[in-house]
Amino acid sequence: MPATKAHDIAAVVGAIDPQSANNTTLTSDWVDMSKFKTAAFVLSVGVTDCTVAFKLVEAKDSSATGAQDLSGKAITSYTATDDNKQAVISVNDTDLTVNTGYGWVRASITLSNATAGLVSLVAIGLQPRFLPASDNKHADCFQTV
């Protein structure tokens, strides 16, 4: 049996490209949780002098129909001195309000008014319903080797 490759079981399914931002809210691409049983949203904060809040939002489709905060899926905000740190929020398909049609999730990062905050985020789909996971990678995922 051939060895399992990471891209068989995990795929980049969304992102917030690395950037310097302030006094704004950035959102990732919507992740279709019907294709994965779980996903991890990985925030990376560089040098910053602002507060950074990070949470997950659920919706009924990729057009943000009925978008609402996903209960229990937010970090304690970074402070202006929390430079060069990462945070991960994991979500299972069962965490969504599926009984009323919610099946999509994305990250939301809010930066306070300051000089700048350097941030990026990668969303990784895990436990795909069908292999390989890379079949459902985000269009901006340039290469999978």
# chains A, B, ... in the order shown; residues from 1 in each chain; ligands from 1
$ select_by_dssp --residues "chain A" --states "strand (DSSP E or B)" --output "PyMOL selection string"
chain A and resi 10-21+24-27+31-32+36-48+52-59+68-74+78+85-92+104-111+117-128
$ select_by_dssp --residues "chain A" --states "alpha helix (DSSP H)" --output "ChimeraX atom specification"
/A:6-9
$ closest_atom_pairs --of "range 30-80 of chain A" --to "range 119-125 of chain A" --cutoff "7 Å" --atoms "only C-alpha atoms" --output "CSV"
residue,atom,partner,partner_atom,distance
A:Phe36,CA,A:Gly125,CA,5.9
A:Thr38,CA,A:Gly125,CA,6.3
A:Ala39,CA,A:Gly125,CA,4.4
A:Ala40,CA,A:Ile124,CA,5.2
A:Phe41,CA,A:Ala123,CA,4.4
A:Val42,CA,A:Val122,CA,5.3
A:Leu43,CA,A:Leu121,CA,4.5
A:Ser44,CA,A:Ser120,CA,5.3
A:Val45,CA,A:Val119,CA,4.6
A:Gly46,CA,A:Val119,CA,6.1
$ write_last_selection --atoms "C-alpha atoms" --output "PDB file, in the first residue's frame"
ATOM      1  CA  PHE A  36     -14.798  17.956   4.991  1.00  0.00           C
ATOM      2  CA  THR A  38     -13.352  19.177  10.121  1.00  0.00           C
ATOM      3  CA  ALA A  39     -11.302  22.269   9.321  1.00  0.00           C
ATOM      4  CA  ALA A  40      -8.582  24.284  11.032  1.00  0.00           C
ATOM      5  CA  PHE A  41      -8.184  28.033  10.634  1.00  0.00           C
ATOM      6  CA  VAL A  42      -4.619  29.116  11.387  1.00  0.00           C
ATOM      7  CA  LEU A  43      -4.001  32.805  12.098  1.00  0.00           C
ATOM      8  CA  SER A  44      -0.495  34.230  12.048  1.00  0.00           C
ATOM      9  CA  VAL A  45       0.166  37.688  13.469  1.00  0.00           C
ATOM     10  CA  GLY A  46       3.461  39.446  12.820  1.00  0.00           C
TER      11      GLY A  46
END
$ residues_around --residues "Tyr78 in chain A" --least-positions-apart "2" --cutoff "7 Å" --atoms "only C-alpha atoms" --output "ChimeraX atom specification"
/A:51-53,76,80,82
$ residues_around --residues "range 104-109 of chain A" --least-positions-apart "2" --cutoff "10 Å" --atoms "only C-alpha atoms" --output "PyMOL selection string"
chain A and resi 14-16+24-34+39+41-43+52-65+67-70+73-74+77+89+91+93+96-98+101-102+111+119-123
$ atom_distance --atom1 "CA of Pro128 in chain A" --atom2 "CA of Lys37 in chain A"
6.2 Å
$ residues_around --residues "Asn136 in chain A" --least-positions-apart "4" --cutoff "8 Å" --atoms "only C-alpha atoms" --output "NGL selection string"
:A and (11 or 13 or 35)
$ write_last_selection --atoms "N, CA and C atoms" --output "JSON list (two decimals), in the first residue's frame"
[["chain", "number", "residue", "atom", "x", "y", "z"],
["A", 11, "ALA", "N", -6.30, 19.78, 2.78],
["A", 11, "ALA", "CA", -6.17, 20.70, 1.65],
["A", 11, "ALA", "C", -6.34, 22.14, 2.12],
["A", 13, "VAL", "N", -8.11, 25.28, 1.85],
["A", 13, "VAL", "CA", -9.45, 25.55, 1.32],
["A", 13, "VAL", "C", -9.85, 27.02, 1.44],
["A", 35, "LYS", "N", -17.81, 19.03, 2.29],
["A", 35, "LYS", "CA", -16.68, 18.32, 1.67],
["A", 35, "LYS", "C", -15.66, 17.82, 2.69]]
